[in-house]
Amino acid sequence: MTSTVTIVETVDRGDVTKVVVKVKTDEIFSLEGERLDSPTRASDYHQSLHSGRVNHNHNRRTATDTIWMTNPYTQAQLDAKIQELVVQLDATAVGHFDKQDAVIQERCFIDGASEKNFYPIDQAPQSLKNQLTEAFPSVDLTTIALLSTASYNSVVQEEVITAFLWEWDVPALMEGSAELITKARKYCLASRKFYDRCYGFTTETFSFIPSGCTVMAKSFHVNIQSGLVIPTFYDVYFSGDAATVQAEFSLPALEGSESTYYGVTVVDGEVQRAKQYCYDGVTVFSNWDEAMDRVASEHGVSWR
Amino acid sequence: MAFGLQFKNAAADIIVDSEFPHYHFIGKATYVSTMQVPDLVDGNNTAHSTTAGQYLSSSQVNGDIIKYQVDTANSSAPPPMCFIKPSATGANAPRCAIVLTEQDTNTTYRWNIWVLQERGGTHSSPTSYTRPDLYCFSPLTHMTAGQRDVGSETLGVATFNSSGAKTYDSRLKPLKVVGAGVATSAPAVARTGAKANSWEPYFTVDTATDYAFSTSTTESNATDLMFYAPSLAHSCQEHQESTDGEGFQARGYSSYFYAWGRADLWYCFYRNTFRFTSSTNFQSSYSIYASGHFWKSAEDASSIFAAIAAAALAFVTFGASLIVAGAFIATAAITAAFTSSGTASGTYYPYTDDSRNRLEDVTFLLSKASYYD
């Protein structure tokens, strides 16, 4: 491939010259991910790709850079610097245009609006990881299995990022003497403190849960760092008919195409917020019933 | 001179003048904390846009901003003169400079001093160098009682001005300047080489200007030297990429054409920093103060014509990327990150690839730390 070089601007500043260069690749044509010579658009071959409904792409890449030359300079010196750009652009490959979207494991809507997404750590947006490590420089990302986007917790009254740690991915997880379903670390971004939420089994009944729904878990909090003040609250997680839950908690009609589960946050016996957990595909979280069965079996307890 | 006292050296330079408010050592500034300007990385992708390079380049390593404080006697005191005693010297020593001196908003006789010192390593694995010491000086009349305390020493020379205020006291370690020079220009920009490197642009500083100096004392040990030099010049450099494409997405009878475009902007904002490369050479260069990477993608599949128009719109200018930047900075989390670090929020992208103040003369004064230790 031979990229095209355009000198956009040359400004002599006395001791230096500013040279703005634009380098553009040839078209990078690919068919089902395989790079091929670019066809003529009007060719029968290209038209057949359309009529045959064949995935194909015509991609390009352009780099604009400013090079500063110390005066006096020779054309050969400038060419050498431009060549550095050309080499980089010439190396552009089909793979550079592959889209590798992060797979969202869970979409959680809080009171029908604020959306929180969970990602596997290796697919989490870099900006999200940066957001966490900016607030918590000592966090070791290799210890985290799943990471959520930040969302405002109206009970804690600040933005919170949730993480599931690898060390909690063990059979029959315990917190003291409490048998847990799982556990999550809550990173409070403003106060720069964290606490852990434990998801435990429960046999309690809750008047605020609509009849017909199945209560699955109740949370409690541990490891609340010194200086972090949060009210006493818990969450109840359950499954149920979507329309019933939506009506009970005035939630919009949000459902995952694979499955949907629910949670409520309770402060002083009152429901403060309701959450819809939506799964658009099979993910690590998408089948709470199955996960509950497995974890209950590990603990040797019954949950239904 | 109707009255008063002057001491002169053999070259007739005035060393002490009783009317002049001589600067005296008020101590080393107290280290407070170290921070970095928060990384700024944000952008969006569309269904078919590339997802390459959604991070800062490994060469975008923001320097340490090392915060110190020192007290003077009152709020009317002039800013203290702070000499930087670098933690290292030589061709690979970290460059540093004072980038801010301000009165503390809560305690008006207290001064906040920020030193920018470059960091090594890569963006994901940066390494901080040992922080420098700040040797601070102030006129005698603005020194605190503790700073003016001469203890039990009764011998020495003191001068008083026409108002009777003490202006010089040999017992209080007056500032001794052992050398000086003028750095007449900072480099044109921080990096003159091309920055393209796949989706990891090079922002490593590759420019420096050397200034030879001599000292009034035989100084064979550069590690004893310290300098006073204002950081006036700054540089902002960037690398832009635009990617685009169009294609055909097969999806049975719902197959469609699409076109997309993505614009990327990586940038670094540098401040003028210095180091001793030897006992006779003072080097002026730059260190990264802040950096960012923003991108903006657009896509249209309503028709091939609309798609091409949408794609073109995405990379007409990088204004779109900066709108993304503005929105990102306004998010609660990144705002909190700025607040926590104690820096004003902003993109730190003041102008396109260039520099400012580079031709301002920077007079650097030299002294020796061992005089005050």
# chains A, B, ... in the order shown; residues from 1 in each chain; ligands from 1
>>> interface_residues(of="chain A", to="chain B", cutoff="8 Å", atoms="only C-alpha atoms", output="JSON list (two decimals) with N, CA and C atoms, in the first residue's frame")
[["chain", "number", "residue", "atom", "x", "y", "z"],
["A", 16, "VAL", "N", 12.63, 27.94, 13.11],
["A", 16, "VAL", "CA", 12.01, 26.65, 12.80],
["A", 16, "VAL", "C", 10.95, 26.82, 11.72],
["A", 50, "HIS", "N", -23.40, -6.70, -3.65],
["A", 50, "HIS", "CA", -24.63, -6.11, -3.14],
["A", 50, "HIS", "C", -25.82, -7.01, -3.41],
["A", 53, "ARG", "N", -25.84, -9.88, -1.31],
["A", 53, "ARG", "CA", -25.88, -9.54, 0.14],
["A", 53, "ARG", "C", -24.66, -10.11, 0.87],
["A", 54, "VAL", "N", -23.50, -9.67, 0.39],
["A", 54, "VAL", "CA", -22.24, -10.14, 0.97],
["A", 54, "VAL", "C", -21.62, -8.99, 1.78],
["A", 55, "ASN", "N", -21.27, -9.27, 3.04],
["A", 55, "ASN", "CA", -20.63, -8.24, 3.88],
["A", 55, "ASN", "C", -19.31, -7.81, 3.26],
["A", 56, "HIS", "N", -19.12, -6.53, 3.09],
["A", 56, "HIS", "CA", -17.83, -6.03, 2.64],
["A", 56, "HIS", "C", -17.66, -4.58, 3.09],
["A", 57, "ASN", "N", -16.43, -4.15, 3.12],
["A", 57, "ASN", "CA", -16.13, -2.81, 3.64],
["A", 57, "ASN", "C", -15.08, -2.11, 2.80],
["A", 58, "HIS", "N", -15.27, -0.82, 2.67],
["A", 58, "HIS", "CA", -14.27, 0.05, 2.04],
["A", 58, "HIS", "C", -13.82, 1.02, 3.14],
["A", 59, "ASN", "N", -12.62, 0.86, 3.63],
["A", 59, "ASN", "CA", -12.18, 1.70, 4.75],
["A", 59, "ASN", "C", -10.97, 2.55, 4.37],
["A", 60, "ARG", "N", -10.80, 3.63, 5.08],
["A", 60, "ARG", "CA", -9.66, 4.52, 4.88],
["A", 60, "ARG", "C", -9.19, 5.05, 6.23],
["A", 61, "ARG", "N", -7.95, 5.49, 6.23],
["A", 61, "ARG", "CA", -7.40, 6.09, 7.45],
["A", 61, "ARG", "C", -6.54, 7.28, 7.06],
["A", 62, "THR", "N", -6.69, 8.35, 7.79],
["A", 62, "THR", "CA", -5.92, 9.57, 7.51],
["A", 62, "THR", "C", -5.28, 10.06, 8.81],
["A", 63, "ALA", "N", -4.01, 10.38, 8.76],
["A", 63, "ALA", "CA", -3.33, 10.95, 9.92],
["A", 63, "ALA", "C", -2.89, 12.36, 9.58],
["A", 64, "THR", "N", -3.13, 13.27, 10.50],
["A", 64, "THR", "CA", -2.67, 14.65, 10.34],
["A", 64, "THR", "C", -1.68, 14.94, 11.46],
["A", 65, "ASP", "N", -0.50, 15.37, 11.08],
["A", 65, "ASP", "CA", 0.54, 15.57, 12.09],
["A", 65, "ASP", "C", 1.30, 16.85, 11.77],
["A", 66, "THR", "N", 1.90, 17.40, 12.78],
["A", 66, "THR", "CA", 2.73, 18.60, 12.59],
["A", 66, "THR", "C", 4.18, 18.24, 12.86],
["A", 67, "ILE", "N", 5.01, 18.56, 11.91],
["A", 67, "ILE", "CA", 6.44, 18.29, 12.03],
["A", 67, "ILE", "C", 7.16, 19.64, 12.10],
["A", 68, "TRP", "N", 8.10, 19.75, 13.01],
["A", 68, "TRP", "CA", 8.85, 21.01, 13.18],
["A", 68, "TRP", "C", 10.27, 20.79, 12.70],
["A", 69, "MET", "N", 10.67, 21.56, 11.70],
["A", 69, "MET", "CA", 12.01, 21.43, 11.15],
["A", 69, "MET", "C", 12.85, 22.62, 11.61],
["A", 81, "LYS", "N", 11.29, 12.55, 7.78],
["A", 81, "LYS", "CA", 10.30, 12.62, 8.87],
["A", 81, "LYS", "C", 8.90, 12.25, 8.36],
["A", 82, "ILE", "N", 8.60, 12.68, 7.16],
["A", 82, "ILE", "CA", 7.29, 12.31, 6.60],
["A", 82, "ILE", "C", 7.21, 10.80, 6.40],
["A", 84, "GLU", "N", 8.34, 8.57, 8.23],
["A", 84, "GLU", "CA", 7.94, 7.90, 9.48],
["A", 84, "GLU", "C", 6.42, 7.78, 9.56],
["A", 85, "LEU", "N", 5.74, 8.84, 9.12],
["A", 85, "LEU", "CA", 4.28, 8.82, 9.10],
["A", 85, "LEU", "C", 3.75, 7.82, 8.09],
["A", 88, "GLN", "N", 3.84, 4.24, 9.13],
["A", 88, "GLN", "CA", 2.77, 3.89, 10.07],
["A", 88, "GLN", "C", 1.45, 3.70, 9.36],
["A", 89, "LEU", "N", 1.15, 4.59, 8.44],
["A", 89, "LEU", "CA", -0.14, 4.50, 7.74],
["A", 89, "LEU", "C", -0.16, 3.30, 6.82],
["A", 91, "ALA", "N", 1.05, 0.57, 7.29],
["A", 91, "ALA", "CA", 0.90, -0.65, 8.08],
["A", 91, "ALA", "C", -0.55, -0.88, 8.53],
["A", 92, "THR", "N", -1.44, 0.01, 8.13],
["A", 92, "THR", "CA", -2.84, -0.15, 8.53],
["A", 92, "THR", "C", -3.41, -1.44, 7.94],
["A", 96, "HIS", "N", -7.46, -3.40, 12.02],
["A", 96, "HIS", "CA", -7.63, -2.13, 12.70],
["A", 96, "HIS", "C", -9.08, -1.63, 12.63],
["A", 97, "PHE", "N", -9.80, -2.16, 11.67],
["A", 97, "PHE", "CA", -11.19, -1.71, 11.52],
["A", 97, "PHE", "C", -12.18, -2.71, 12.11],
["A", 98, "ASP", "N", -11.65, -3.79, 12.67],
["A", 98, "ASP", "CA", -12.55, -4.73, 13.33],
["A", 98, "ASP", "C", -13.19, -4.05, 14.52],
["A", 99, "LYS", "N", -14.46, -4.21, 14.62],
["A", 99, "LYS", "CA", -15.14, -3.63, 15.76],
["A", 99, "LYS", "C", -15.20, -4.67, 16.87],
["A", 100, "GLN", "N", -14.67, -4.28, 18.00],
["A", 100, "GLN", "CA", -14.65, -5.21, 19.13],
["A", 100, "GLN", "C", -15.39, -4.58, 20.30],
["A", 101, "ASP", "N", -16.69, -4.60, 20.15],
["A", 101, "ASP", "CA", -17.50, -4.00, 21.21],
["A", 101, "ASP", "C", -17.41, -4.79, 22.49],
["A", 125, "PRO", "N", -14.58, -0.43, 29.08],
["A", 125, "PRO", "CA", -13.96, 0.74, 28.44],
["A", 125, "PRO", "C", -12.78, 1.26, 29.27],
["A", 126, "GLN", "N", -11.74, 1.65, 28.57],
["A", 126, "GLN", "CA", -10.57, 2.16, 29.27],
["A", 126, "GLN", "C", -10.93, 3.36, 30.13],
["A", 127, "SER", "N", -11.85, 4.18, 29.61],
["A", 127, "SER", "CA", -12.23, 5.38, 30.38],
["A", 127, "SER", "C", -12.84, 4.98, 31.72],
["A", 130, "ASN", "N", -10.02, 3.86, 33.95],
["A", 130, "ASN", "CA", -9.29, 5.05, 34.39],
["A", 130, "ASN", "C", -10.05, 5.78, 35.50],
["A", 131, "GLN", "N", -11.37, 5.83, 35.32],
["A", 131, "GLN", "CA", -12.21, 6.51, 36.31],
["A", 131, "GLN", "C", -12.04, 5.86, 37.69],
["A", 134, "GLU", "N", -8.35, 6.41, 38.93],
["A", 134, "GLU", "CA", -8.10, 7.79, 39.33],
["A", 134, "GLU", "C", -8.53, 8.00, 40.78],
["A", 135, "ALA", "N", -9.69, 7.45, 41.10],
["A", 135, "ALA", "CA", -10.22, 7.65, 42.45],
["A", 135, "ALA", "C", -9.55, 6.70, 43.45],
["A", 150, "ALA", "N", -20.18, 3.82, 36.44],
["A", 150, "ALA", "CA", -20.55, 4.57, 37.64],
["A", 150, "ALA", "C", -22.03, 4.94, 37.59],
["A", 159, "GLU", "N", -21.61, 8.93, 43.43],
["A", 159, "GLU", "CA", -21.42, 7.99, 42.32],
["A", 159, "GLU", "C", -20.69, 6.76, 42.85],
["A", 189, "LEU", "N", -16.96, 7.05, 44.59],
["A", 189, "LEU", "CA", -15.95, 7.84, 43.90],
["A", 189, "LEU", "C", -15.64, 9.17, 44.58],
["A", 190, "ALA", "N", -16.65, 9.81, 45.14],
["A", 190, "ALA", "CA", -16.40, 11.13, 45.73],
["A", 190, "ALA", "C", -15.66, 11.01, 47.05]]
>>> residues_around(residues="Gly27 (chain B)", least_positions_apart="2", cutoff="7 Å", atoms="only C-alpha atoms", output="count of residues only")
4
>>> atom_distance(atom1="CA of Tyr199 (chain A)", atom2="CA of Tyr237 (chain A)")
9.0 Å
>>> select_by_dssp(residues="region 39-144 of chain B", states="strand (DSSP E)", output="count of residues only")
44
>>> residues_around(residues="Gly176 (chain A)", least_positions_apart="3", cutoff="12 Å", atoms="only C-alpha atoms", output="list in words")
Leu173, Glu179, Leu180, Cys198, Gly200, Val222 and Asn223 of chain A
>>> select_by_dssp(residues="region 166-282 of chain B", states="helix (DSSP H, G or I)", output="PyMOL selection string")
chain B and resi 170-172+222-224
>>> write_last_selection(atoms="C-alpha atoms", output="short mmCIF file (atom, residue, chain, number, x, y, z; two decimals), in the first residue's frame")
data_model
loop_
_atom_site.label_atom_id
_atom_site.label_comp_id
_atom_site.auth_asym_id
_atom_site.auth_seq_id
_atom_site.Cartn_x
_atom_site.Cartn_y
_atom_site.Cartn_z
CA SER B 170 25.02 37.44 58.15
CA ARG B 171 23.79 35.06 60.87
CA LEU B 172 20.58 34.30 58.95
CA ALA B 222 26.59 19.46 40.12
CA THR B 223 24.58 17.69 42.79
CA ASP B 224 25.20 20.58 45.19
#
>>> residues_around(residues="region 270-274 of chain A", least_positions_apart="6", cutoff="10 Å", atoms="only C-alpha atoms", output="PyMOL selection string")
chain A and resi 109-112+153-155+208-209+233-237+245-246+248-251+262-264
>>> write_last_selection(atoms="N, CA and C atoms", output="compact mmCIF listing (two decimals), in the first residue's frame")
# COMPACT_ATOMS: atom_id res chain seq x y z
N PHE A 109 -31.28 -0.69 35.37
CA PHE A 109 -31.92 0.63 35.35
C PHE A 109 -32.44 0.93 36.75
N ILE A 110 -32.05 2.07 37.26
CA ILE A 110 -32.44 2.45 38.61
C ILE A 110 -33.58 3.46 38.53
N ASP A 111 -34.68 3.11 39.11
CA ASP A 111 -35.90 3.92 39.02
C ASP A 111 -36.24 4.23 37.56
N GLY A 112 -35.95 3.27 36.71
CA GLY A 112 -36.34 3.36 35.31
C GLY A 112 -35.49 4.27 34.47
N ASN A 153 -25.86 6.65 43.47
CA ASN A 153 -26.64 5.93 44.47
C ASN A 153 -27.28 6.98 45.38
N SER A 154 -28.59 7.10 45.29
CA SER A 154 -29.28 8.17 46.02
C SER A 154 -29.29 7.91 47.52
N VAL A 155 -29.01 6.69 47.94
CA VAL A 155 -28.95 6.40 49.37
C VAL A 155 -27.57 6.79 49.92
N PHE A 208 -43.59 -5.15 50.90
CA PHE A 208 -43.52 -4.28 49.72
C PHE A 208 -43.25 -5.07 48.43
N ILE A 209 -42.99 -6.34 48.52
CA ILE A 209 -42.79 -7.14 47.31
C ILE A 209 -44.16 -7.63 46.82
N PHE A 233 -29.19 0.38 55.31
CA PHE A 233 -30.14 0.01 54.27
C PHE A 233 -29.82 -1.39 53.76
N TYR A 234 -30.78 -1.97 53.09
CA TYR A 234 -30.56 -3.27 52.46
C TYR A 234 -31.32 -3.33 51.15
N ASP A 235 -30.96 -4.31 50.35
CA ASP A 235 -31.64 -4.52 49.08
C ASP A 235 -32.29 -5.90 49.10
N VAL A 236 -33.42 -5.99 48.46
CA VAL A 236 -34.09 -7.28 48.27
C VAL A 236 -34.16 -7.54 46.78
N TYR A 237 -33.78 -8.74 46.39
CA TYR A 237 -33.74 -9.11 44.96
C TYR A 237 -34.80 -10.17 44.71
N VAL A 245 -44.56 -5.90 38.43
CA VAL A 245 -43.49 -5.15 39.10
C VAL A 245 -43.46 -3.71 38.61
N GLN A 246 -43.62 -3.54 37.32
CA GLN A 246 -43.61 -2.17 36.77
C GLN A 246 -44.73 -1.33 37.38
N GLU A 248 -46.30 -1.85 40.27
CA GLU A 248 -46.11 -1.68 41.72
C GLU A 248 -45.13 -0.55 42.03
N PHE A 249 -44.06 -0.47 41.23
CA PHE A 249 -43.01 0.51 41.55
C PHE A 249 -42.93 1.66 40.53
N SER A 250 -43.98 1.78 39.72
CA SER A 250 -44.06 2.87 38.72
C SER A 250 -42.82 2.90 37.84
N LEU A 251 -42.50 1.77 37.29
CA LEU A 251 -41.32 1.66 36.45
C LEU A 251 -41.72 1.62 34.98
N TYR A 262 -35.31 -8.17 39.36
CA TYR A 262 -35.60 -6.89 40.02
C TYR A 262 -34.94 -6.79 41.39
N GLY A 263 -34.80 -5.57 41.84
CA GLY A 263 -34.30 -5.33 43.19
C GLY A 263 -34.91 -4.05 43.73
N VAL A 264 -35.02 -3.95 45.03
CA VAL A 264 -35.45 -2.70 45.67
C VAL A 264 -34.49 -2.39 46.80
>>> residues_around(residues="region 136-147 of chain A", least_positions_apart="3", cutoff="6 Å", atoms="only C-alpha atoms", output="ChimeraX atom specification")
/A:118-121,132-133,162-166
>>> write_last_selection(atoms="N, CA and C atoms", output="compact mmCIF listing (two decimals), in the first residue's frame")
# COMPACT_ATOMS: atom_id res chain seq x y z
N PHE A 118 -22.66 -3.54 33.30
CA PHE A 118 -21.56 -4.37 33.80
C PHE A 118 -20.75 -4.94 32.64
N TYR A 119 -19.42 -4.88 32.76
CA TYR A 119 -18.53 -5.43 31.74
C TYR A 119 -17.55 -6.42 32.37
N PRO A 120 -17.15 -7.44 31.61
CA PRO A 120 -15.96 -8.19 32.04
C PRO A 120 -14.78 -7.23 32.02
N ILE A 121 -13.87 -7.36 32.94
CA ILE A 121 -12.82 -6.36 33.08
C ILE A 121 -12.01 -6.19 31.80
N LEU A 132 -11.98 4.54 37.69
CA LEU A 132 -11.81 3.83 38.96
C LEU A 132 -10.41 4.05 39.54
N THR A 133 -9.41 3.91 38.70
CA THR A 133 -8.05 4.01 39.24
C THR A 133 -7.66 5.44 39.56
N THR A 162 -19.30 -0.52 40.87
CA THR A 162 -19.37 -1.83 41.52
C THR A 162 -18.41 -2.79 40.85
N ALA A 163 -17.75 -3.61 41.65
CA ALA A 163 -16.81 -4.59 41.10
C ALA A 163 -17.05 -5.95 41.75
N PHE A 164 -16.97 -6.98 40.93
CA PHE A 164 -16.97 -8.34 41.45
C PHE A 164 -15.53 -8.84 41.37
N LEU A 165 -15.02 -9.31 42.47
CA LEU A 165 -13.62 -9.72 42.54
C LEU A 165 -13.48 -11.21 42.24
N TRP A 166 -12.35 -11.52 41.63
CA TRP A 166 -12.07 -12.93 41.32
C TRP A 166 -12.05 -13.78 42.59
